[in-house]
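final_36.txt follows; it contains compact mmCIF, C-alpha atoms and all ligand atoms.
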```txt
# COMPACT_ATOMS: atom_id res chain seq x y z
CA MET A 3 5.54 27.47 4.55
CA ILE A 4 5.79 25.09 1.63
CA VAL A 5 7.52 21.72 1.36
CA GLY A 6 9.18 21.10 -2.00
CA LEU A 7 9.41 17.39 -2.62
CA ASP A 8 11.29 15.83 -5.55
CA ILE A 9 10.78 12.09 -5.88
CA GLY A 10 13.49 10.94 -8.31
CA ALA A 11 14.37 7.49 -9.62
CA SER A 12 17.02 7.03 -6.89
CA PHE A 13 16.48 9.64 -4.17
CA ALA A 14 13.69 11.76 -2.74
CA LYS A 15 14.76 15.24 -1.72
CA ALA A 16 12.64 17.55 0.36
CA ILE A 17 13.06 21.13 1.46
CA LEU A 18 10.99 23.31 3.70
CA VAL A 19 10.85 26.93 2.56
CA ASP A 20 9.12 30.09 3.65
CA LYS A 21 7.22 32.37 1.25
CA ASN A 22 10.50 34.08 0.32
CA LEU A 23 12.01 30.70 -0.60
CA LYS A 24 14.42 30.76 2.32
CA ILE A 25 15.43 27.15 2.95
CA LEU A 26 14.55 26.26 6.55
CA ASP A 27 15.11 22.50 6.47
CA LYS A 28 16.17 19.78 4.03
CA HIS A 29 16.31 16.02 3.92
CA ILE A 30 17.19 13.20 1.49
CA LEU A 31 16.08 9.55 1.50
CA PRO A 32 16.70 6.75 -1.00
CA VAL A 33 13.54 5.84 -2.92
CA LYS A 34 12.32 2.32 -2.33
CA GLU A 35 8.62 2.85 -2.95
CA PRO A 36 7.80 6.46 -4.00
CA LYS A 37 4.68 7.04 -1.89
CA ALA A 38 6.12 5.44 1.25
CA THR A 39 9.33 7.44 0.85
CA ALA A 40 7.35 10.67 0.45
CA LEU A 41 5.44 9.92 3.64
CA ARG A 42 8.65 9.14 5.54
CA ILE A 43 10.30 12.37 4.47
CA LEU A 44 7.30 14.49 5.49
CA ASP A 45 6.99 12.65 8.75
CA PHE A 46 10.66 13.41 9.39
CA PHE A 47 10.08 17.17 8.91
CA ILE A 48 7.03 17.16 11.13
CA ARG A 49 8.74 15.23 13.92
CA ARG A 50 11.99 17.18 13.78
CA SER A 51 10.37 20.52 14.40
CA GLY A 52 7.38 19.69 16.57
CA LYS A 53 3.79 18.71 15.89
CA GLU A 54 2.59 22.24 15.17
CA TYR A 55 4.47 22.01 11.87
CA ARG A 56 1.40 20.50 10.27
CA ASP A 57 -0.47 23.70 11.04
CA ILE A 58 2.09 25.93 9.39
CA ILE A 59 2.83 23.94 6.24
CA ASP A 60 0.44 25.29 3.62
CA ALA A 61 1.09 22.78 0.87
CA VAL A 62 3.48 20.14 -0.47
CA ALA A 63 4.81 20.86 -3.98
CA VAL A 64 5.63 17.49 -5.50
CA SER A 65 7.80 16.90 -8.56
CA GLY A 66 10.02 14.20 -10.07
CA GLY A 67 9.03 10.93 -11.74
CA GLY A 68 7.59 9.49 -8.50
CA SER A 69 5.18 12.42 -8.08
CA ARG A 70 2.63 10.52 -10.17
CA PHE A 71 2.03 8.21 -7.22
CA ILE A 72 1.00 11.07 -4.94
CA GLY A 73 -2.66 12.06 -4.92
CA GLU A 74 -4.20 15.38 -3.98
CA GLU A 75 -3.31 15.05 -0.34
CA ILE A 76 -0.39 13.73 1.67
CA LEU A 77 -0.37 13.36 5.47
CA GLY A 78 -3.41 15.62 5.57
CA LEU A 79 -1.62 18.37 3.64
CA PRO A 80 -2.65 19.51 0.15
CA ALA A 81 -0.30 18.10 -2.50
CA ARG A 82 0.32 20.13 -5.69
CA ARG A 83 1.99 18.31 -8.54
CA VAL A 84 4.58 20.34 -10.46
CA GLU A 85 5.88 19.28 -13.85
CA GLU A 86 9.54 18.22 -13.45
CA LEU A 87 11.16 20.22 -16.25
CA GLY A 88 9.57 23.48 -15.10
CA ALA A 89 10.69 22.78 -11.54
CA LEU A 90 14.21 22.01 -12.72
CA GLY A 91 14.44 25.28 -14.68
CA ALA A 92 13.03 27.46 -11.91
CA GLY A 93 15.05 25.74 -9.18
CA GLY A 94 18.34 25.83 -11.09
CA LEU A 95 18.02 29.57 -11.71
CA LEU A 96 17.12 30.25 -8.07
CA LEU A 97 20.09 28.27 -6.75
CA ALA A 98 22.46 30.00 -9.16
CA LYS A 99 20.79 33.42 -8.64
CA ARG A 100 20.54 33.90 -12.40
CA SER A 101 17.65 35.03 -14.59
CA GLU A 102 18.50 32.66 -17.44
CA GLY A 103 20.65 29.60 -17.94
CA LEU A 104 21.02 26.08 -19.19
CA ILE A 105 20.14 23.76 -16.34
CA VAL A 106 21.48 20.24 -16.32
CA SER A 107 19.93 17.65 -14.01
CA ALA A 108 22.73 15.18 -13.37
CA GLY A 109 20.64 12.53 -11.66
CA THR A 110 20.05 8.86 -12.33
CA GLY A 111 19.67 9.99 -15.93
CA THR A 112 20.51 13.40 -17.35
CA ALA A 113 17.94 16.01 -18.42
CA ILE A 114 18.72 19.44 -19.83
CA VAL A 115 16.49 22.51 -20.04
CA ALA A 116 16.99 26.12 -21.09
CA ALA A 117 15.33 28.53 -18.69
CA TYR A 118 14.62 32.22 -19.31
CA GLU A 119 12.83 35.08 -17.51
CA ASP A 120 13.51 33.73 -13.99
CA GLY A 121 12.11 30.36 -15.01
CA LYS A 122 8.82 31.63 -16.46
CA VAL A 123 9.91 30.16 -19.80
CA VAL A 124 11.50 26.69 -19.74
CA LYS A 125 12.37 24.65 -22.84
CA HIS A 126 13.38 21.01 -22.85
CA VAL A 127 16.60 20.96 -24.88
CA CYS A 128 17.87 17.38 -24.68
CA GLY A 129 19.20 14.77 -22.31
CA THR A 130 21.13 11.54 -22.17
CA GLY A 131 20.50 8.23 -20.50
CA VAL A 132 24.12 8.34 -19.41
CA GLY A 133 24.01 9.56 -15.81
CA GLY A 134 24.61 8.66 -12.19
CA GLY A 135 22.64 5.45 -12.62
CA THR A 136 25.09 4.39 -15.32
CA VAL A 137 27.96 4.72 -12.83
CA ILE A 138 26.07 2.60 -10.30
CA GLY A 139 24.98 -0.06 -12.83
CA LEU A 140 28.37 -0.50 -14.49
CA SER A 141 30.14 -0.54 -11.14
CA ARG A 142 27.73 -3.11 -9.75
CA ARG A 143 28.52 -5.49 -12.61
CA ILE A 144 32.19 -4.76 -13.22
CA LEU A 145 33.43 -3.95 -9.70
CA GLY A 146 30.82 -5.62 -7.49
CA VAL A 147 30.41 -2.27 -5.69
CA THR A 148 27.19 -0.23 -5.51
CA LYS A 149 27.79 2.16 -2.63
CA PHE A 150 28.45 5.55 -4.17
CA GLU A 151 30.89 6.75 -1.50
CA VAL A 152 32.99 3.58 -1.91
CA LEU A 153 33.08 4.06 -5.68
CA GLU A 154 34.11 7.68 -5.24
CA ASP A 155 36.98 6.68 -2.93
CA MET A 156 38.13 4.09 -5.43
CA ALA A 157 37.94 6.62 -8.28
CA ILE A 158 39.98 9.15 -6.28
CA LYS A 159 42.72 6.55 -5.76
CA GLY A 160 42.56 5.38 -9.39
CA ASN A 161 43.90 6.89 -12.60
CA ALA A 162 41.54 7.02 -15.58
CA ASN A 163 44.46 7.47 -17.98
CA ARG A 164 45.37 3.84 -17.38
CA VAL A 165 42.05 2.63 -18.81
CA ASP A 166 41.18 5.47 -21.21
CA LEU A 167 42.92 6.08 -24.51
CA THR A 168 44.03 9.71 -24.73
CA VAL A 169 44.34 11.85 -27.81
CA GLY A 170 48.09 11.88 -27.16
CA ASP A 171 48.17 8.05 -27.08
CA ILE A 172 46.78 7.99 -30.62
CA VAL A 173 48.25 10.98 -32.39
CA GLY A 174 51.20 11.87 -30.15
CA GLY A 175 49.93 15.38 -29.34
CA SER A 176 46.92 17.67 -29.41
CA VAL A 177 44.28 17.62 -32.12
CA GLY A 178 42.17 20.59 -33.17
CA ILE A 179 40.69 22.12 -30.05
CA VAL A 180 41.55 19.25 -27.70
CA PRO A 181 44.87 18.83 -25.84
CA ALA A 182 46.95 15.64 -25.80
CA GLU A 183 45.60 14.60 -22.39
CA ALA A 184 41.94 14.73 -23.52
CA THR A 185 40.14 11.41 -23.76
CA ALA A 186 39.99 9.93 -27.25
CA SER A 187 38.21 6.73 -26.22
CA ASN A 188 36.74 6.03 -22.79
CA LEU A 189 37.69 2.65 -21.30
CA ALA A 190 39.44 1.58 -24.54
CA LYS A 191 42.48 0.32 -22.58
CA LEU A 192 40.37 -1.63 -20.07
CA THR A 193 41.55 -5.22 -19.59
CA TYR A 194 40.81 -8.07 -17.18
CA GLU A 195 44.03 -7.05 -15.38
CA SER A 196 43.08 -3.37 -14.96
CA ASP A 197 43.35 -2.08 -11.41
CA LEU A 198 39.84 -1.78 -9.92
CA ASN A 199 40.45 1.79 -8.72
CA ASP A 200 41.47 2.76 -12.28
CA VAL A 201 38.28 1.16 -13.58
CA ALA A 202 36.21 3.19 -11.09
CA ALA A 203 38.01 6.35 -12.22
CA GLY A 204 37.36 5.41 -15.85
CA ILE A 205 33.64 4.88 -15.24
CA PHE A 206 33.31 8.26 -13.49
CA ASN A 207 35.28 9.84 -16.31
CA MET A 208 33.09 8.38 -19.06
CA VAL A 209 29.81 9.38 -17.48
CA SER A 210 30.95 12.85 -16.34
CA GLN A 211 32.61 13.66 -19.67
CA THR A 212 29.48 12.63 -21.55
CA ILE A 213 27.37 14.95 -19.40
CA GLY A 214 29.93 17.77 -19.88
CA VAL A 215 29.98 17.42 -23.68
CA VAL A 216 26.19 17.22 -24.03
CA ALA A 217 25.78 20.21 -21.67
CA ALA A 218 28.28 22.32 -23.64
CA MET A 219 26.68 21.51 -26.99
CA ALA A 220 23.19 22.23 -25.64
CA ALA A 221 24.38 25.52 -24.12
CA ARG A 222 25.97 26.62 -27.38
CA ALA A 223 22.84 25.70 -29.32
CA CYS A 224 20.81 27.92 -26.99
CA GLY A 225 23.32 30.77 -26.69
CA LEU A 226 23.64 30.06 -22.96
CA GLU A 227 27.29 29.00 -22.88
CA ASP A 228 28.09 31.54 -20.15
CA SER A 229 25.41 30.20 -17.81
CA VAL A 230 25.46 26.42 -17.48
CA ILE A 231 24.09 25.33 -14.10
CA ILE A 232 24.74 21.74 -13.04
CA THR A 233 22.29 20.23 -10.54
CA GLY A 234 21.32 16.78 -9.20
CA MET A 235 22.89 14.40 -6.68
CA PHE A 236 25.51 13.21 -9.14
CA ALA A 237 26.81 16.80 -9.34
CA LYS A 238 27.41 16.74 -5.56
CA SER A 239 30.31 14.41 -6.09
CA ARG A 240 33.57 16.35 -6.24
CA ILE A 241 34.93 14.03 -8.92
CA SER A 242 31.97 14.21 -11.27
CA SER A 243 31.37 17.94 -10.83
CA LYS A 244 35.03 18.72 -11.57
CA ILE A 245 35.08 16.57 -14.72
CA ILE A 246 31.69 17.85 -15.95
CA CYS A 247 32.81 21.49 -15.55
CA GLU A 248 36.26 20.90 -17.11
CA THR A 249 34.77 19.06 -20.08
CA ALA A 250 32.17 21.77 -20.65
CA ARG A 251 34.95 24.38 -20.57
CA LEU A 252 36.96 22.41 -23.14
CA PHE A 253 34.01 22.72 -25.51
CA GLY A 254 33.35 26.39 -24.89
CA ALA A 255 30.85 26.58 -22.03
CA VAL A 256 31.17 27.89 -18.48
CA ALA A 257 29.53 25.45 -16.07
CA TYR A 258 28.91 25.95 -12.38
CA VAL A 259 27.59 23.74 -9.57
CA PRO A 260 25.56 25.81 -7.07
CA GLU A 261 25.26 25.00 -3.38
CA ASN A 262 22.28 22.70 -2.67
CA CYS A 263 22.48 21.47 -6.28
CA GLU A 264 20.66 18.25 -5.31
CA PHE A 265 17.61 20.25 -4.19
CA SER A 266 17.07 22.09 -7.48
CA ASN A 267 13.80 20.32 -8.43
CA ALA A 268 12.43 20.46 -4.89
CA LEU A 269 13.13 24.20 -4.64
CA GLY A 270 11.75 24.85 -8.13
CA ALA A 271 8.55 22.96 -7.33
CA ALA A 272 8.05 25.00 -4.15
CA ALA A 273 8.79 28.24 -6.03
CA LEU A 274 6.27 27.49 -8.77
CA VAL A 275 3.53 26.69 -6.25
CA ILE A 276 4.25 29.92 -4.35
CA ARG A 277 4.24 31.92 -7.61
CA GLU A 278 0.97 30.31 -8.65
CA GLY A 279 -0.57 31.34 -5.34
CA ASP A 280 0.67 34.90 -5.79
CA ALA A 281 -0.62 35.17 -9.37
N1 LIG A 301 26.40 10.65 -1.82
C1 LIG A 301 26.31 10.91 -3.12
N2 LIG A 301 26.93 11.99 -3.63
C2 LIG A 301 26.86 12.29 -4.93
N3 LIG A 301 26.18 11.53 -5.84
C3 LIG A 301 25.55 10.45 -5.36
C4 LIG A 301 25.57 10.10 -4.00
N4 LIG A 301 24.85 9.00 -3.83
C5 LIG A 301 24.40 8.68 -5.07
N5 LIG A 301 24.84 9.54 -5.99
C6 LIG A 301 24.61 9.55 -7.46
O1 LIG A 301 23.47 10.33 -7.70
C7 LIG A 301 22.61 9.64 -8.61
C8 LIG A 301 21.18 10.02 -8.34
O2 LIG A 301 21.02 11.41 -8.48
P1 LIG A 301 19.63 12.13 -8.18
O3 LIG A 301 19.19 11.78 -6.80
O4 LIG A 301 19.77 13.56 -8.53
O5 LIG A 301 18.72 11.38 -9.22
P2 LIG A 301 17.16 11.17 -9.18
O6 LIG A 301 16.51 12.51 -9.02
O7 LIG A 301 16.82 10.15 -8.16
O8 LIG A 301 16.93 10.59 -10.63
P3 LIG A 301 16.21 11.23 -11.90
O9 LIG A 301 16.25 12.73 -11.77
O10 LIG A 301 17.01 10.74 -13.08
O11 LIG A 301 14.81 10.68 -11.79
C9 LIG A 301 22.89 8.17 -8.37
O12 LIG A 301 22.61 7.42 -9.54
C10 LIG A 301 24.36 8.15 -8.01
O13 LIG A 301 25.17 7.99 -9.15
MG MG A 302 16.00 14.03 -10.31
```

Could the structure of this file be written out as structure tokens, please?
Amino acid sequence: MIVGLDIGASFAKAILVDKNLKILDKHILPVKEPKATALRILDFFIRRSGKEYRDIIDAVAVSGGGSRFIGEEILGLPARRVEELGALGAGGLLLAKRSEGLIVSAGTGTAIVAAYEDGKVVKHVCGTGVGGGTVIGLSRRILGVTKFEVLEDMAIKGNANRVDLTVGDIVGGSVGIVPAEATASNLAKLTYESDLNDVAAGIFNMVSQTIGVVAAMAARACGLEDSVIITGMFAKSRISSKIICETARLFGAVAYVPENCEFSNALGAAALVIREGDA
């Protein structure tokens, strides 16, 4: 068995898979210090399923920005470092059960790759610094709230149209390919009096729409507009995933959030290590 470990800027995600990439266990921890978090997550797996685990785990496939802090060995197990973009491409395709697609990592920041031939070929297309971390940072300063679940609840209660300027607000109807209710300017109506729930909704809207637009443009540039796969923790949120997919559709791309979307990198890292062993 292989552990796929993705140490991101905000969260570490780990999965335990067998040689056929069947997911046997999974766990997420916030990243405080990358190496300590990696050790805690592995320790959790080992404890949860008995001590003999250590004998049956062949290797730990490590990816994500924090993987650079992991040496050649972790908790006595061999650690294999896997380049993040390759892991993202391979993992996204596996989760979506596709052979090619545009994979979007909606994490702290946003990275986008085009993956072909079951992930054997992965190209870095683009990305944006607007991501889940932007939601957290803006909300911390503007709303005094940092807990994601609290922000989500606020955004569900709020109405982004009270802080965003719509196309209809400006021109009285639709324009070109966008309907009247599309956003013309995110947060343009924000005032000191704005309801805090509306502000939360507006922040989610701005970040998710940005990801949706960038994803659609990248997909069209690569001819992958029928296969946009959204991954990352931020995509787990019902609000963000809905807005990302709707926005992508508005600009001509079909986006989809697979189950276990937050484990894309971890799964991809494990898959690439298994493939390497088989080669
Ligand atoms: N419970 C949750 N559900 C959905 N999204 C969440 C939740 N908690 C935090 N988030 C969002 O997910 C973001 C982090 O996503 P993710 O864990 O995929 O990023 P990362 O891998 O740590 O970062 P990166 O890939 O950019 O290095 C946070 O910035 C936050 O906006
Ligand atoms: Mg990540």

Counting only C-alpha atoms, which of A:Val106, A:Ile276, A:Ile144, A:Val64 gets nearest to Lys15 (chain A)?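 That would be A:Val64, the residue with the smallest distance to Lys15 (chain A).
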
How would you report the residues lying within 7 Å of ligand MG 302 (chain A), as a compact mmCIF listing (two decimals) with C-alpha atoms, in the frame of the given file, if you count all atoms listed in the file?
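This went into part.txt:
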```txt
# COMPACT_ATOMS: atom_id res chain seq x y z
CA ASP A 8 11.29 15.83 -5.55
CA GLY A 10 13.49 10.94 -8.31
CA ALA A 11 14.37 7.49 -9.62
CA GLY A 66 10.02 14.20 -10.07
CA SER A 107 19.93 17.65 -14.01
CA GLY A 109 20.64 12.53 -11.66
CA THR A 110 20.05 8.86 -12.33
CA GLY A 234 21.32 16.78 -9.20
CA ASN A 267 13.80 20.32 -8.43
```

With all atoms listed in the file counted and 8 Å as the cut-off, give the residues of chain A in contact with ligand LIG 301 (chain A), each with its shortest interatomic distance in Å and the pair that gives it, as JSON lines.
```
{"residue": "A:Asp8", "atom": "CA", "partner": "A:LIG301", "partner_atom": "O6", "distance": 7.1}
{"residue": "A:Ile9", "atom": "CA", "partner": "A:LIG301", "partner_atom": "O6", "distance": 6.5}
{"residue": "A:Gly10", "atom": "CA", "partner": "A:LIG301", "partner_atom": "O7", "distance": 3.4}
{"residue": "A:Ala11", "atom": "CA", "partner": "A:LIG301", "partner_atom": "O11", "distance": 3.9}
{"residue": "A:Ser12", "atom": "CA", "partner": "A:LIG301", "partner_atom": "O7", "distance": 3.4}
{"residue": "A:Phe13", "atom": "CA", "partner": "A:LIG301", "partner_atom": "O7", "distance": 4.0}
{"residue": "A:Ala14", "atom": "CA", "partner": "A:LIG301", "partner_atom": "O7", "distance": 6.5}
{"residue": "A:Lys15", "atom": "CA", "partner": "A:LIG301", "partner_atom": "O3", "distance": 7.6}
{"residue": "A:Pro32", "atom": "CA", "partner": "A:LIG301", "partner_atom": "O7", "distance": 7.9}
{"residue": "A:Val33", "atom": "CA", "partner": "A:LIG301", "partner_atom": "O7", "distance": 7.5}
{"residue": "A:Gly66", "atom": "CA", "partner": "A:LIG301", "partner_atom": "O11", "distance": 6.2}
{"residue": "A:Gly67", "atom": "CA", "partner": "A:LIG301", "partner_atom": "O11", "distance": 5.8}
{"residue": "A:Ser107", "atom": "CA", "partner": "A:LIG301", "partner_atom": "O9", "distance": 6.5}
{"residue": "A:Ala108", "atom": "CA", "partner": "A:LIG301", "partner_atom": "O4", "distance": 5.9}
{"residue": "A:Gly109", "atom": "CA", "partner": "A:LIG301", "partner_atom": "O5", "distance": 3.3}
{"residue": "A:Thr110", "atom": "CA", "partner": "A:LIG301", "partner_atom": "O10", "distance": 3.7}
{"residue": "A:Gly111", "atom": "CA", "partner": "A:LIG301", "partner_atom": "O10", "distance": 4.0}
{"residue": "A:Thr112", "atom": "CA", "partner": "A:LIG301", "partner_atom": "O10", "distance": 6.1}
{"residue": "A:Ala113", "atom": "CA", "partner": "A:LIG301", "partner_atom": "O10", "distance": 7.6}
{"residue": "A:Gly133", "atom": "CA", "partner": "A:LIG301", "partner_atom": "O12", "distance": 6.8}
{"residue": "A:Gly134", "atom": "CA", "partner": "A:LIG301", "partner_atom": "O13", "distance": 3.2}
{"residue": "A:Gly135", "atom": "CA", "partner": "A:LIG301", "partner_atom": "O12", "distance": 3.7}
{"residue": "A:Thr136", "atom": "CA", "partner": "A:LIG301", "partner_atom": "O12", "distance": 7.0}
{"residue": "A:Val137", "atom": "CA", "partner": "A:LIG301", "partner_atom": "O13", "distance": 5.7}
{"residue": "A:Ile138", "atom": "CA", "partner": "A:LIG301", "partner_atom": "O13", "distance": 5.6}
{"residue": "A:Lys149", "atom": "CA", "partner": "A:LIG301", "partner_atom": "N4", "distance": 7.5}
{"residue": "A:Phe150", "atom": "CA", "partner": "A:LIG301", "partner_atom": "N4", "distance": 5.0}
{"residue": "A:Glu151", "atom": "CA", "partner": "A:LIG301", "partner_atom": "N1", "distance": 6.0}
{"residue": "A:Thr233", "atom": "CA", "partner": "A:LIG301", "partner_atom": "O4", "distance": 7.4}
{"residue": "A:Gly234", "atom": "CA", "partner": "A:LIG301", "partner_atom": "O4", "distance": 3.6}
{"residue": "A:Met235", "atom": "CA", "partner": "A:LIG301", "partner_atom": "O4", "distance": 3.7}
{"residue": "A:Phe236", "atom": "CA", "partner": "A:LIG301", "partner_atom": "N3", "distance": 3.8}
{"residue": "A:Ala237", "atom": "CA", "partner": "A:LIG301", "partner_atom": "C2", "distance": 6.3}
{"residue": "A:Lys238", "atom": "CA", "partner": "A:LIG301", "partner_atom": "C2", "distance": 4.5}
{"residue": "A:Ser239", "atom": "CA", "partner": "A:LIG301", "partner_atom": "C2", "distance": 4.2}
{"residue": "A:Arg240", "atom": "CA", "partner": "A:LIG301", "partner_atom": "C2", "distance": 8.0}
{"residue": "A:Glu264", "atom": "CA", "partner": "A:LIG301", "partner_atom": "O4", "distance": 5.8}
```

One decimal, Å: what's the distance from CA of Ala218 (chain A) over to CA of Glu86 (chain A), could you say?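 Computing it gives 21.7 Å between the two atoms.
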
So that I can see what lies close to Ala250 (chain A), please list as a short mmCIF file (atom, residue, chain, number, x, y, z; two decimals) with C-alpha atoms, keeping the file's coordinate frame the residues with an atom at most 7 Å from it, counting only C-alpha atoms and leaving out residues fewer than 5 positions away in the same chain.
```cif
data_model
loop_
_atom_site.label_atom_id
_atom_site.label_comp_id
_atom_site.auth_asym_id
_atom_site.auth_seq_id
_atom_site.Cartn_x
_atom_site.Cartn_y
_atom_site.Cartn_z
CA GLY A 214 29.93 17.77 -19.88
CA VAL A 215 29.98 17.42 -23.68
CA ALA A 217 25.78 20.21 -21.67
CA ALA A 218 28.28 22.32 -23.64
CA ALA A 255 30.85 26.58 -22.03
CA VAL A 256 31.17 27.89 -18.48
CA ALA A 257 29.53 25.45 -16.07
#
```

Neighbour list for Pro260 (chain A) as a ChimeraX atom specification, cut-off 8 Å, only C-alpha atoms, skip fewer than 2 positions in-chain: /A:97-98,231-233,258,262-263

Dump of C-alpha atoms for the selected residues, as a compact mmCIF listing (two decimals), keeping the file's coordinate frame:
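Saved to again08.txt:
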```txt
# COMPACT_ATOMS: atom_id res chain seq x y z
CA LEU A 97 20.09 28.27 -6.75
CA ALA A 98 22.46 30.00 -9.16
CA ILE A 231 24.09 25.33 -14.10
CA ILE A 232 24.74 21.74 -13.04
CA THR A 233 22.29 20.23 -10.54
CA TYR A 258 28.91 25.95 -12.38
CA ASN A 262 22.28 22.70 -2.67
CA CYS A 263 22.48 21.47 -6.28
```

So which one's closest to Asn207 (chain A), A:Ile25, A:Ile105, A:Val259, A:Ala184? Using all atoms listed in the file, please.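 Under the stated criterion, the closest residue is A:Ala184.
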
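Relative to CA of Ile4 (chain A), CA of Leu79 (chain A) is found at 10.2 Å.
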
Determine the nearest neighbour of Thr168 (chain A) from the options A:Leu189, A:Val127, A:Ala63, A:Val152, counting all atoms listed in the file.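 The shortest atom-to-atom distance to Thr168 (chain A) comes from A:Leu189.
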
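Compared by their closest atoms to Asn22 (chain A), and using all atoms listed in the file, the residues A:Leu274, A:Met156, A:Ala162, A:Ile43 rank with A:Leu274 nearest.
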
Just how far from CA of Leu95 (chain A) is CA of Val62 (chain A), in Å to one decimal?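 Distance between the two atoms: 20.7 Å.
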
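The residue that comes closest to Leu31 (chain A), out of A:Leu44, A:Leu192, A:Leu153, A:Ile72 and on the basis of all atoms listed in the file, is A:Leu44.
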
Would you kindly return, as number ranges by chain, each protein, DNA or RNA residue with an atom no farther than 12 Å from any atom of Ala81 (chain A), considering all atoms listed in the file and excluding same-chain residues fewer than 4 positions away? A: 4-7, 40-41, 44, 59-65, 69-77, 271-272, 275

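Considering only C-alpha atoms, the residue among A:Arg143, A:Asp166, A:Tyr118, A:Leu90 positioned nearest to Gly103 (chain A) is A:Tyr118.
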